[in-house]
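K.L.:
Sharing structure05.cif here; it has mmCIF, C-alpha atoms.
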data_entry
#
loop_
_atom_site.label_atom_id
_atom_site.label_comp_id
_atom_site.auth_asym_id
_atom_site.auth_seq_id
_atom_site.Cartn_x
_atom_site.Cartn_y
_atom_site.Cartn_z
CA MET A 1 -78.07 197.46 -22.38
CA LYS A 2 -79.24 198.02 -25.94
CA SER A 3 -82.76 196.93 -24.97
CA PHE A 4 -82.67 199.47 -22.13
CA PHE A 5 -81.75 202.23 -24.56
CA ARG A 6 -84.58 201.15 -26.86
CA ILE A 7 -87.09 201.40 -24.02
CA CYS A 8 -85.75 204.83 -23.16
CA MET A 9 -85.93 205.93 -26.77
CA THR A 10 -89.50 204.77 -27.17
CA GLY A 11 -90.68 206.56 -24.05
CA LEU A 12 -88.80 209.74 -24.75
CA ALA A 13 -89.92 209.72 -28.38
CA CYS A 14 -93.56 209.67 -27.32
CA LEU A 15 -92.91 212.49 -24.85
CA CYS A 16 -91.16 214.58 -27.47
CA LEU A 17 -93.97 214.12 -29.96
CA LEU A 18 -96.34 215.81 -27.52
CA PHE A 19 -94.18 218.92 -27.61
CA ALA A 20 -93.29 218.85 -31.31
CA ALA A 21 -95.21 222.04 -32.06
CA GLY A 22 -93.04 223.98 -29.63
CA CYS A 23 -89.69 222.72 -30.86
CA GLY A 24 -89.29 224.96 -33.87
CA SER A 25 -88.80 222.20 -36.45
CA GLU A 26 -91.14 223.79 -38.99
CA GLU A 27 -89.31 227.10 -38.85
CA LYS A 28 -85.92 225.39 -39.03
CA GLN A 29 -86.89 223.27 -42.02
CA GLN A 30 -88.39 226.24 -43.84
CA ALA A 31 -85.08 228.06 -43.49
CA VAL A 32 -83.16 225.07 -44.89
CA ASN A 33 -85.44 224.77 -47.90
CA ASP A 34 -85.61 228.51 -48.51
CA LEU A 35 -81.95 228.56 -49.56
CA SER A 36 -80.64 227.48 -52.94
CA TRP A 37 -77.77 225.00 -53.18
CA ASP A 38 -75.33 227.79 -54.01
CA GLU A 39 -76.51 229.71 -50.95
CA HIS A 40 -75.95 226.67 -48.73
CA VAL A 41 -72.44 226.27 -50.15
CA GLU A 42 -71.69 229.94 -49.49
CA ARG A 43 -73.10 229.79 -45.97
CA ALA A 44 -71.02 226.66 -45.23
CA LYS A 45 -67.67 228.35 -45.95
CA GLY A 46 -65.52 228.74 -42.85
CA THR A 47 -67.83 226.63 -40.67
CA THR A 48 -67.32 223.41 -38.69
CA VAL A 49 -69.51 220.33 -39.14
CA ARG A 50 -69.72 217.92 -36.19
CA PHE A 51 -70.20 214.45 -37.65
CA TYR A 52 -71.48 211.96 -35.05
CA MET A 53 -70.81 208.40 -36.11
CA TYR A 54 -69.88 204.93 -34.90
CA GLY A 55 -66.18 205.05 -34.05
CA GLY A 56 -65.34 201.37 -33.66
CA MET A 57 -63.78 200.79 -37.10
CA ASN A 58 -60.32 202.29 -37.39
CA ASN A 59 -60.22 202.12 -41.19
CA VAL A 60 -63.49 204.05 -41.40
CA ASN A 61 -62.24 206.64 -38.93
CA ASP A 62 -59.07 207.04 -40.97
CA TRP A 63 -61.07 207.48 -44.17
CA VAL A 64 -63.18 210.24 -42.65
CA ASP A 65 -60.15 211.97 -41.13
CA THR A 66 -57.69 211.65 -44.01
CA VAL A 67 -59.91 211.63 -47.10
CA VAL A 68 -63.28 213.25 -46.42
CA ALA A 69 -62.15 215.99 -44.02
CA PRO A 70 -59.33 217.31 -46.26
CA ALA A 71 -61.60 217.18 -49.33
CA VAL A 72 -64.45 219.22 -47.85
CA LYS A 73 -61.92 221.64 -46.38
CA LYS A 74 -60.25 222.15 -49.75
CA ASN A 75 -63.40 222.23 -51.89
CA TYR A 76 -65.85 224.02 -49.59
CA GLY A 77 -63.89 225.59 -46.73
CA VAL A 78 -65.67 223.30 -44.26
CA THR A 79 -63.89 221.85 -41.23
CA LEU A 80 -65.16 218.33 -40.48
CA GLU A 81 -64.99 217.22 -36.86
CA ARG A 82 -65.62 213.50 -36.39
CA VAL A 83 -67.29 212.68 -33.08
CA PRO A 84 -67.26 208.94 -32.27
CA MET A 85 -70.46 207.91 -30.52
CA SER A 86 -72.74 204.87 -30.64
CA ALA A 87 -76.23 205.32 -32.03
CA PRO A 88 -78.14 204.71 -28.76
CA VAL A 89 -76.09 207.45 -27.08
CA PHE A 90 -76.56 210.09 -29.75
CA MET A 91 -80.25 209.18 -30.03
CA ASN A 92 -80.73 209.90 -26.35
CA LYS A 93 -78.64 213.06 -26.72
CA MET A 94 -80.98 214.36 -29.42
CA LEU A 95 -84.05 213.40 -27.43
CA ALA A 96 -82.69 215.12 -24.33
CA GLU A 97 -81.90 218.30 -26.29
CA LYS A 98 -85.36 218.35 -27.78
CA SER A 99 -87.12 217.77 -24.48
CA ALA A 100 -85.04 220.63 -23.02
CA GLY A 101 -86.19 222.89 -25.85
CA LYS A 102 -82.71 223.43 -27.31
CA LYS A 103 -83.24 224.93 -30.76
CA THR A 104 -79.50 224.79 -31.49
CA GLY A 105 -78.11 221.34 -30.86
CA SER A 106 -74.61 219.91 -30.68
CA ILE A 107 -74.90 217.54 -33.68
CA ASP A 108 -74.76 218.66 -37.32
CA LEU A 109 -74.57 215.35 -39.20
CA LEU A 110 -75.31 211.73 -38.24
CA TRP A 111 -74.45 208.28 -39.51
CA ILE A 112 -77.82 206.66 -38.85
CA ASN A 113 -80.05 203.93 -40.22
CA GLY A 114 -82.45 201.14 -39.33
CA GLU A 115 -84.48 201.31 -36.14
CA ASN A 116 -82.66 204.45 -34.99
CA PHE A 117 -83.76 206.28 -38.13
CA LYS A 118 -87.33 205.14 -37.65
CA ASN A 119 -87.35 206.22 -34.00
CA ALA A 120 -85.77 209.56 -34.89
CA ARG A 121 -88.41 210.21 -37.54
CA LYS A 122 -91.25 209.32 -35.23
CA ALA A 123 -89.88 211.70 -32.61
CA ASP A 124 -89.46 214.48 -35.24
CA LEU A 125 -85.71 214.70 -34.62
CA LEU A 126 -84.50 214.99 -38.22
CA ALA A 127 -84.52 217.80 -40.75
CA GLY A 128 -86.23 216.89 -43.95
CA PRO A 129 -86.83 216.31 -46.64
CA VAL A 130 -83.35 217.41 -47.66
CA THR A 131 -82.07 215.03 -50.33
CA HIS A 132 -83.76 217.02 -53.12
CA LEU A 133 -81.27 219.79 -52.30
CA LEU A 134 -78.23 217.58 -53.02
CA PRO A 135 -76.93 217.80 -56.61
CA ASN A 136 -75.11 214.47 -56.36
CA PHE A 137 -78.22 212.67 -55.10
CA ALA A 138 -80.19 213.64 -58.18
CA LYS A 139 -77.28 213.08 -60.54
CA TYR A 140 -75.85 209.74 -59.38
CA VAL A 141 -78.26 207.82 -57.14
CA ASN A 142 -80.99 205.39 -58.14
CA GLN A 143 -83.62 206.92 -55.91
CA ASN A 144 -85.86 203.86 -55.87
CA GLU A 145 -83.06 201.86 -54.23
CA ALA A 146 -82.73 204.49 -51.50
CA ALA A 147 -86.46 204.77 -50.81
CA THR A 148 -86.62 202.67 -47.64
CA ASP A 149 -84.39 201.93 -44.65
CA PHE A 150 -85.15 198.56 -43.00
CA GLY A 151 -88.58 198.80 -44.57
CA TYR A 152 -89.25 202.33 -43.26
CA PRO A 153 -89.83 205.08 -45.86
CA VAL A 154 -86.91 207.49 -46.13
CA GLU A 155 -88.89 210.33 -47.76
CA GLY A 156 -85.79 212.47 -48.20
CA TYR A 157 -84.83 212.58 -44.50
CA GLU A 158 -81.53 210.75 -44.98
CA ALA A 159 -79.06 210.29 -47.82
CA PRO A 160 -77.41 206.95 -48.66
CA TYR A 161 -73.64 206.76 -48.69
CA GLY A 162 -72.66 203.09 -48.55
CA ARG A 163 -73.91 199.54 -48.84
CA ALA A 164 -73.15 196.44 -46.80
CA GLN A 165 -74.02 192.77 -47.19
CA PHE A 166 -73.88 189.74 -44.91
CA VAL A 167 -71.22 187.13 -45.69
CA PHE A 168 -69.50 184.16 -44.08
CA GLU A 169 -65.74 183.60 -43.96
CA TYR A 170 -63.64 180.43 -43.86
CA ASP A 171 -60.00 179.42 -44.14
CA SER A 172 -59.75 177.29 -47.28
CA ALA A 173 -56.60 175.64 -45.92
CA ARG A 174 -58.42 174.04 -43.00
CA THR A 175 -62.07 174.09 -44.15
CA PRO A 176 -62.02 173.35 -47.88
CA ASN A 177 -65.77 172.66 -48.16
CA PRO A 178 -67.82 175.02 -45.99
CA PRO A 179 -71.59 174.60 -45.75
CA THR A 180 -73.55 176.61 -48.30
CA SER A 181 -77.07 176.39 -46.88
CA PHE A 182 -78.58 176.55 -43.43
CA VAL A 183 -79.52 172.88 -43.65
CA GLU A 184 -75.90 172.07 -44.38
CA LEU A 185 -74.75 174.45 -41.65
CA LYS A 186 -76.75 172.58 -39.01
CA GLU A 187 -75.18 169.27 -40.00
CA TRP A 188 -71.71 170.81 -40.25
CA VAL A 189 -71.97 172.29 -36.75
CA LYS A 190 -72.97 168.92 -35.33
CA GLN A 191 -70.07 167.22 -37.09
CA HIS A 192 -67.59 169.86 -35.88
CA PRO A 193 -68.51 170.56 -32.24
CA GLY A 194 -67.07 173.71 -30.77
CA ARG A 195 -66.00 175.11 -34.15
CA PHE A 196 -68.88 177.53 -34.78
CA THR A 197 -70.51 180.40 -32.95
CA TYR A 198 -72.14 183.78 -33.63
CA PRO A 199 -72.14 187.11 -31.78
CA SER A 200 -74.79 187.53 -29.14
CA PRO A 201 -77.75 189.63 -30.33
CA PRO A 202 -78.47 192.51 -30.15
CA ASP A 203 -74.98 192.88 -31.59
CA PHE A 204 -75.64 193.96 -35.16
CA THR A 205 -73.83 191.06 -36.84
CA GLY A 206 -75.26 188.46 -34.46
CA SER A 207 -78.72 189.88 -35.01
CA ALA A 208 -78.18 189.71 -38.78
CA PHE A 209 -77.19 186.05 -38.48
CA ILE A 210 -80.41 185.11 -36.71
CA ARG A 211 -82.43 187.11 -39.27
CA GLN A 212 -80.63 185.26 -42.04
CA ALA A 213 -81.50 181.96 -40.35
CA PHE A 214 -85.09 183.17 -39.83
CA TYR A 215 -85.44 183.73 -43.57
CA ALA A 216 -83.98 180.30 -44.30
CA VAL A 217 -86.06 178.19 -41.93
CA THR A 218 -89.40 179.94 -42.53
CA GLY A 219 -89.59 180.16 -46.31
CA GLY A 220 -87.97 183.48 -47.19
CA HIS A 221 -88.19 187.19 -46.47
CA GLU A 222 -91.07 188.22 -48.75
CA GLN A 223 -93.76 187.39 -46.20
CA TYR A 224 -92.29 189.90 -43.72
CA LEU A 225 -91.97 192.99 -45.91
CA GLY A 226 -95.46 194.34 -45.30
CA GLY A 227 -94.84 195.28 -41.68
CA PHE A 228 -94.86 193.44 -38.38
CA ASP A 229 -97.49 190.73 -38.05
CA LYS A 230 -97.62 189.26 -34.54
CA ALA A 231 -99.63 186.23 -35.59
CA LEU A 232 -97.11 185.44 -38.30
CA PHE A 233 -94.25 185.99 -35.87
CA ASP A 234 -95.82 183.67 -33.30
CA ALA A 235 -96.31 181.01 -35.98
CA ASN A 236 -92.84 181.21 -37.53
CA ALA A 237 -90.42 182.29 -34.80
CA PRO A 238 -90.56 178.89 -33.00
CA LYS A 239 -88.98 177.37 -36.13
CA LEU A 240 -86.00 179.66 -35.63
CA TRP A 241 -85.73 178.94 -31.90
CA ALA A 242 -85.83 175.20 -32.67
CA TYR A 243 -83.04 175.53 -35.23
CA LEU A 244 -80.81 177.60 -32.97
CA ASN A 245 -81.45 175.43 -29.93
CA GLU A 246 -80.66 172.29 -31.92
CA ILE A 247 -77.19 173.57 -32.79
CA SER A 248 -76.58 175.28 -29.45
CA PRO A 249 -74.91 172.32 -27.63
CA TYR A 250 -72.42 171.99 -30.51
CA LEU A 251 -71.32 175.63 -30.54
CA TRP A 252 -68.14 177.12 -29.11
CA GLN A 253 -68.32 176.90 -25.31
CA LYS A 254 -71.22 174.47 -25.85
CA GLY A 255 -73.52 177.42 -26.42
CA GLN A 256 -73.13 178.58 -22.81
CA ALA A 257 -71.43 181.80 -23.95
CA TYR A 258 -71.39 183.84 -27.14
CA PRO A 259 -68.90 186.37 -28.51
CA LYS A 260 -69.90 189.88 -27.48
CA ASP A 261 -69.16 191.30 -30.95
CA PRO A 262 -67.64 190.43 -34.34
CA ALA A 263 -64.20 191.64 -33.23
CA PHE A 264 -64.04 188.97 -30.53
CA GLN A 265 -65.38 186.35 -32.91
CA ALA A 266 -62.73 187.35 -35.48
CA THR A 267 -60.09 186.82 -32.79
CA LEU A 268 -61.40 183.29 -32.18
CA PHE A 269 -61.34 182.66 -35.93
CA SER A 270 -57.83 184.03 -36.48
CA ARG A 271 -56.54 181.96 -33.53
CA GLY A 272 -58.05 178.82 -35.04
CA GLU A 273 -60.54 178.25 -32.20
CA ILE A 274 -63.49 178.34 -34.61
CA ASP A 275 -63.63 177.55 -38.33
CA LEU A 276 -66.35 179.87 -39.64
CA MET A 277 -66.65 183.63 -39.26
CA MET A 278 -69.37 186.06 -40.36
CA ALA A 279 -69.44 189.75 -41.20
CA TYR A 280 -71.93 192.36 -42.36
CA HIS A 281 -69.16 193.72 -44.56
CA PRO A 282 -68.25 191.93 -47.82
CA THR A 283 -64.58 193.00 -47.78
CA HIS A 284 -63.96 192.29 -44.09
CA ALA A 285 -61.88 189.19 -44.82
CA GLN A 286 -59.74 191.04 -47.34
CA ASN A 287 -59.25 193.89 -44.86
CA ARG A 288 -57.96 191.37 -42.31
CA ILE A 289 -55.67 189.72 -44.86
CA LEU A 290 -54.18 193.10 -45.71
CA ASP A 291 -53.54 193.98 -42.06
CA GLY A 292 -52.03 190.57 -41.36
CA THR A 293 -54.80 189.35 -39.03
CA TYR A 294 -55.97 186.60 -41.39
CA PRO A 295 -53.89 184.23 -43.52
CA GLU A 296 -54.12 184.65 -47.29
CA SER A 297 -56.08 181.39 -47.56
CA VAL A 298 -59.24 182.96 -46.04
CA ARG A 299 -62.19 183.29 -48.41
CA THR A 300 -65.79 184.55 -48.31
CA PHE A 301 -69.04 182.73 -49.12
CA VAL A 302 -72.80 183.21 -48.92
CA MET A 303 -75.66 180.83 -48.32
CA LYS A 304 -77.90 179.59 -51.12
CA GLU A 305 -80.95 181.04 -49.37
CA GLY A 306 -79.64 184.56 -49.91
CA SER A 307 -77.55 187.25 -48.30
CA ILE A 308 -79.07 190.20 -46.43
CA TYR A 309 -77.95 193.66 -47.52
CA ASN A 310 -78.63 197.16 -46.28
CA THR A 311 -77.72 200.73 -47.04
CA HIS A 312 -76.20 203.12 -44.53
CA PHE A 313 -77.22 206.75 -44.49
CA THR A 314 -76.45 210.21 -43.18
CA ALA A 315 -79.05 212.59 -41.75
CA ILE A 316 -79.25 216.07 -40.24
CA PRO A 317 -80.86 216.75 -36.85
CA ASN A 318 -83.71 219.23 -36.77
CA ASN A 319 -81.78 221.51 -34.42
CA ALA A 320 -78.41 221.29 -36.20
CA SER A 321 -76.54 224.57 -35.81
CA ASN A 322 -74.83 224.13 -39.19
CA ALA A 323 -77.32 222.53 -41.57
CA SER A 324 -75.70 224.15 -44.60
CA GLY A 325 -72.30 222.66 -43.76
CA ALA A 326 -73.92 219.28 -43.09
CA LEU A 327 -75.60 219.36 -46.51
CA VAL A 328 -72.26 220.10 -48.16
CA VAL A 329 -70.62 217.09 -46.46
CA MET A 330 -73.64 214.90 -47.18
CA ASN A 331 -73.43 215.84 -50.86
CA TYR A 332 -69.68 215.21 -51.02
CA LEU A 333 -70.16 211.70 -49.62
CA LEU A 334 -72.29 210.99 -52.71
CA SER A 335 -69.65 212.18 -55.17
CA PRO A 336 -67.95 209.60 -57.41
CA GLU A 337 -64.66 210.77 -55.89
CA ALA A 338 -65.72 209.95 -52.32
CA GLN A 339 -67.50 206.73 -53.24
CA LEU A 340 -64.48 205.48 -55.18
CA SER A 341 -62.06 206.41 -52.40
CA LYS A 342 -63.73 204.10 -49.87
CA PHE A 343 -64.39 201.17 -52.22
CA SER A 344 -60.91 199.62 -52.02
CA PRO A 345 -60.35 197.17 -49.13
CA LYS A 346 -57.04 198.94 -48.59
CA VAL A 347 -59.07 201.93 -47.40
CA TRP A 348 -62.47 200.63 -46.18
CA GLY A 349 -64.01 198.32 -48.75
CA ASP A 350 -67.44 199.96 -48.46
CA PHE A 351 -69.59 199.27 -51.50
CA PRO A 352 -70.86 202.29 -53.49
CA VAL A 353 -74.48 203.43 -53.61
CA LEU A 354 -74.12 205.15 -56.96
CA ASP A 355 -75.97 203.93 -60.04
CA MET A 356 -73.15 202.88 -62.36
CA GLN A 357 -75.42 203.61 -65.32
CA LYS A 358 -75.49 207.27 -64.33
CA LEU A 359 -71.71 207.61 -64.33
CA SER A 360 -69.58 208.45 -67.31
CA PRO A 361 -67.86 205.46 -68.97
CA GLU A 362 -64.57 206.64 -67.52
CA GLN A 363 -66.00 206.88 -63.98
CA ALA A 364 -67.70 203.48 -64.21
CA ALA A 365 -64.43 201.95 -65.41
CA GLN A 366 -62.64 203.29 -62.34
CA PHE A 367 -65.07 201.44 -60.06
CA ALA A 368 -64.78 198.28 -62.16
CA ASP A 369 -61.02 198.42 -61.88
CA VAL A 370 -60.92 198.51 -58.06
CA GLU A 371 -59.04 195.47 -56.76
CA LEU A 372 -61.31 193.88 -54.15
CA GLY A 373 -58.90 191.06 -53.37
CA VAL A 374 -59.08 187.28 -53.57
CA ALA A 375 -61.19 186.98 -50.43
CA THR A 376 -64.01 189.22 -51.67
CA LEU A 377 -66.96 188.03 -53.71
CA LYS A 378 -67.57 190.12 -56.82
CA PRO A 379 -70.43 192.66 -56.77
CA ALA A 380 -72.31 190.58 -59.36
CA GLU A 381 -72.05 187.46 -57.18
CA LEU A 382 -73.32 189.33 -54.15
CA GLY A 383 -76.07 191.02 -56.13
CA ALA A 384 -77.36 187.67 -57.39
CA VAL A 385 -78.19 186.51 -53.85
CA ALA A 386 -79.02 189.86 -52.19
CA VAL A 387 -82.19 189.95 -50.11
CA PRO A 388 -83.48 193.02 -48.24
CA GLU A 389 -83.73 193.73 -44.55
CA ILE A 390 -87.22 193.47 -43.11
CA PRO A 391 -88.90 196.24 -41.06
CA SER A 392 -87.20 197.00 -37.76
CA GLU A 393 -90.13 195.76 -35.64
CA TRP A 394 -89.15 192.25 -36.73
CA LEU A 395 -85.58 192.86 -35.60
CA GLU A 396 -86.67 193.92 -32.14
CA ALA A 397 -89.04 190.97 -31.77
CA LEU A 398 -86.39 188.49 -32.94
CA GLU A 399 -83.73 189.87 -30.61
CA LYS A 400 -86.03 189.77 -27.60
CA GLY A 401 -87.23 186.31 -28.57
CA TRP A 402 -83.65 185.04 -28.95
CA GLU A 403 -82.82 186.18 -25.43
CA LYS A 404 -85.89 184.47 -23.99
CA HIS A 405 -86.05 181.27 -26.05
CA VAL A 406 -82.37 180.60 -26.82
CA LEU A 407 -80.03 182.41 -24.43
CA LYS A 408 -82.17 181.85 -21.30
CA LYS A 409 -83.91 178.65 -22.31
#
Translate the structure described by the file into structure tokens.

P.N.:
Amino acid sequence: MKSFFRICMTGLACLCLLFAAGCGSEEKQQAVNDLSWDEHVERAKGTTVRFYMYGGMNNVNDWVDTVVAPAVKKNYGVTLERVPMSAPVFMNKMLAEKSAGKKTGSIDLLWINGENFKNARKADLLAGPVTHLLPNFAKYVNQNEAATDFGYPVEGYEAPYGRAQFVFEYDSARTPNPPTSFVELKEWVKQHPGRFTYPSPPDFTGSAFIRQAFYAVTGGHEQYLGGFDKALFDANAPKLWAYLNEISPYLWQKGQAYPKDPAFQATLFSRGEIDLMMAYHPTHAQNRILDGTYPESVRTFVMKEGSIYNTHFTAIPNNASNASGALVVMNYLLSPEAQLSKFSPKVWGDFPVLDMQKLSPEQAAQFADVELGVATLKPAELGAVAVPEIPSEWLEALEKGWEKHVLKK
């Protein structure tokens, strides 16, 4: 299904680009940049911002509804309306509105990143640059770290608001010595048949796992940062297919079926059907301990070859009816107050994107004092092994290749 949406997005994006001159984006962007920050704040008062975002994480939904919405209402007079919707759906919604010539769309603010951001930029769907308008972006963010999204230049068209990193989870009571490299993982899987699996790509976490394995079995990520190279892909991808096919007969269900998403895999893990779990969320295990899903003996680990990280962003559609309100919310999400409120695993456990060196000593101490829980690796431990995502063309090629060479082999 996701591949179908990608095909649709690519075709529609090309169509929309042909009509870009008639879509009013230049005029809209000029109006956004013609206003000062104070004028945007004044214009935002009494308005409603429709925030389209992934709605599948209850703790994130609660944070938006009970922390962010009341704060922007109190501080700016803005009503925040969270609209749960998956990225492929809102991408096609924006494309459809643009192709219909709608200069006032139904979306004000988006949670967007990765290939969807790249496709949106290529189809001229986003207002920008806008981050230079945000006081908190200039004051608190290391702008070099927010310069690219899955290898694609951001150029001010989206603002960072959180950071995630890929980790593995294990129950120390039943698996005291988990594998710590992909070489060890292969041997461990063979020695423990049926006790390991991963979500089926293109699920985001399953896709991240195969990218992590791709880095490990082909000599690292650096060779892929310059953009997609088909010759290099054709030379290196077979090493990944060989690795995954070698472990396939020893997976849960003998590799004949894969969990559809991390939630289902977490259920297998919590029921004791598998012994290793994975998450693109460093505090996921602690979240599950706190809600009673996992026992307190669960811990988190990373592989020696590195741990992929990425930043998630917000952006404003070109035809947003309330760009001023969206900017106000976007800026609030970059405040130390908002970033601190979501850092605790009791709330969300989302890592901050602020440069701690730009905070006051008192503010930095507040972040340092957040209790991440026994299951969470410390930020310094994660930072020591962090490796970047590669450009999204690699993701698409790896996901399609996995389906052909592993799933349907």

K.L.:
Looking at only C-alpha atoms, which of A:Ser341, A:Ile247, A:Glu158, A:Gly383 is the one that sits closest to Val183 in chain A?

P.N.:
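Result for the nearest residue to Val183 in chain A: A:Ile247.
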
K.L.:
On this file, the PyMOL selection byres ((chain A and resi 364-367) around 12) gives some set of residues; write that set as a PyMOL selection string.

P.N.:
chain A and resi 140+336-344+349-363+368-372+379

K.L.:
I'd like the contact shell of range 284-287 of chain A - 8 Å cut-off, only C-alpha atoms, skipping same-chain residues fewer than 5 positions apart - returned as JSON, numbers by chain.

P.N.:
{"A": [169, 279, 294, 298, 299, 300, 345, 346, 348, 349, 372, 373, 374, 375, 376]}

K.L.:
So that I can check the surroundings of range 191-203 of chain A, please list as an MDAnalysis selection string every protein, DNA and RNA residue that reaches within 6 Å of it, counting all atoms listed in the file and ignoring chain neighbours fewer than 4 positions away.

P.N.:
chainID A and resid 207 250:252 258:261 274:276 399

K.L.:
Apply the PyMOL selection byres ((chain A and resi 138) around 12) to the displayed file and report the matching residues as a VMD selection string.

P.N.:
chain A and resid 130 to 137 139 to 144 146 156 159 to 160 331 334 to 335 354 to 355 358

K.L.:
Counting only C-alpha atoms, I want the residues whose atoms come within 8 Å of (-64.7, 216.3, -45.7) in the file frame, returned as a PyMOL selection string.

P.N.:
chain A and resi 64-65+67-73+78-80+329+332

K.L.:
Any idea what the distance is between CA of Asn116 in chain A and CA of Trp241 in chain A?

P.N.:
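Rounded to one decimal, the two atoms are 25.9 Å apart.
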
K.L.:
What does the distance from CA of Lys45 in chain A to CA of Lys74 in chain A come to in Å, to one decimal?

P.N.:
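Pair CA of Lys45 in chain A / CA of Lys74 in chain A returns 10.4 Å.
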
K.L.:
For a cut-off of 6 Å around (-63.7, 208.4, -36.1), file coordinates, pick out all residues using all atoms listed in the file and list them as a list in words.

P.N.:
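Here the neighbourhood of the point contains Gly55, Asn61, Arg82 and Pro84 of chain A.
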
K.L.:
Counting all atoms listed in the file, which of A:Ser181, A:Pro153, A:Pro317, A:Lys408 gets nearest to Glu97 in chain A?

P.N.:
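That would be A:Pro317, the residue with the smallest distance to Glu97 in chain A.
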
K.L.:
Between A:Met277, A:Ala127, A:Ala323, A:Leu109, which is the closest to Met53 in chain A once you count only C-alpha atoms?

P.N.:
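Answer, going by the shortest atom-to-atom distance: A:Leu109.
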
K.L.:
What residues come out when you apply the PyMOL selection byres ((chain A and resi 325) around 10) to this file, written as number ranges by chain?

P.N.:
A: 40-50, 72, 76-80, 108-109, 320-324, 326-331

K.L.:
Quick one: 8 Å padding each side, axis-aligned, all listed atoms of range 112-129 of chain A - centre and edge lengths in Å to one decimal, as AutoDock Vina command-line options?

P.N.:
--center_x -84.5 --center_y 209.5 --center_z -39.6 --size_x 29.4 --size_y 32.7 --size_z 30.0

K.L.:
Which value, in Å to one decimal, gives the distance between CA of Pro178 in chain A and CA of Phe269 in chain A?

P.N.:
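Between CA of Pro178 in chain A and CA of Phe269 in chain A the gap works out to 14.2 Å.
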
K.L.:
Which is closest to Gly114 in chain A among A:Glu403, A:Glu187, A:Glu396, A:Glu246, if we use only C-alpha atoms?

P.N.:
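The answer is A:Glu396, which sits nearest to Gly114 in chain A.
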
K.L.:
Between A:Pro295, A:Pro282, A:Gly272, A:Pro388, which residue has the minimum interatomic distance to Thr311 in chain A, considering all atoms listed in the file?

P.N.:
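Nearest to Thr311 in chain A: A:Pro388.
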
K.L.:
Can you work out which one of A:Thr175, A:Asp34, A:Ile316, A:Asn58 has the shortest atom-to-atom distance to Trp188 in chain A, counting only C-alpha atoms?

P.N.:
A:Thr175

K.L.:
Generate N, CA and C atoms for range 74-85 of chain A and emit them as a CSV table (one decimal), in the coordinates of the input.

P.N.:
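Saved file result17.csv follows:
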chain,number,residue,atom,x,y,z
A,74,LYS,N,-60.8,221.6,-48.5
A,74,LYS,CA,-60.2,222.2,-49.8
A,74,LYS,C,-61.3,222.7,-50.7
A,75,ASN,N,-62.4,221.9,-50.9
A,75,ASN,CA,-63.4,222.2,-51.9
A,75,ASN,C,-64.4,223.2,-51.4
A,76,TYR,N,-64.7,223.2,-50.1
A,76,TYR,CA,-65.8,224.0,-49.6
A,76,TYR,C,-65.5,224.9,-48.4
A,77,GLY,N,-64.3,224.8,-47.9
A,77,GLY,CA,-63.9,225.6,-46.7
A,77,GLY,C,-64.6,225.1,-45.4
A,78,VAL,N,-65.0,223.9,-45.4
A,78,VAL,CA,-65.7,223.3,-44.3
A,78,VAL,C,-64.7,222.4,-43.4
A,79,THR,N,-64.7,222.7,-42.1
A,79,THR,CA,-63.9,221.8,-41.2
A,79,THR,C,-64.8,220.7,-40.7
A,80,LEU,N,-64.4,219.5,-40.9
A,80,LEU,CA,-65.2,218.3,-40.5
A,80,LEU,C,-64.6,217.8,-39.2
A,81,GLU,N,-65.4,217.7,-38.2
A,81,GLU,CA,-65.0,217.2,-36.9
A,81,GLU,C,-65.7,215.9,-36.6
A,82,ARG,N,-65.0,214.8,-36.6
A,82,ARG,CA,-65.6,213.5,-36.4
A,82,ARG,C,-65.8,213.3,-34.9
A,83,VAL,N,-67.0,212.9,-34.5
A,83,VAL,CA,-67.3,212.7,-33.1
A,83,VAL,C,-67.7,211.2,-32.9
A,84,PRO,N,-66.9,210.3,-32.4
A,84,PRO,CA,-67.3,208.9,-32.3
A,84,PRO,C,-68.3,208.8,-31.2
A,85,MET,N,-69.4,208.1,-31.5
A,85,MET,CA,-70.5,207.9,-30.5
A,85,MET,C,-71.4,206.9,-31.1
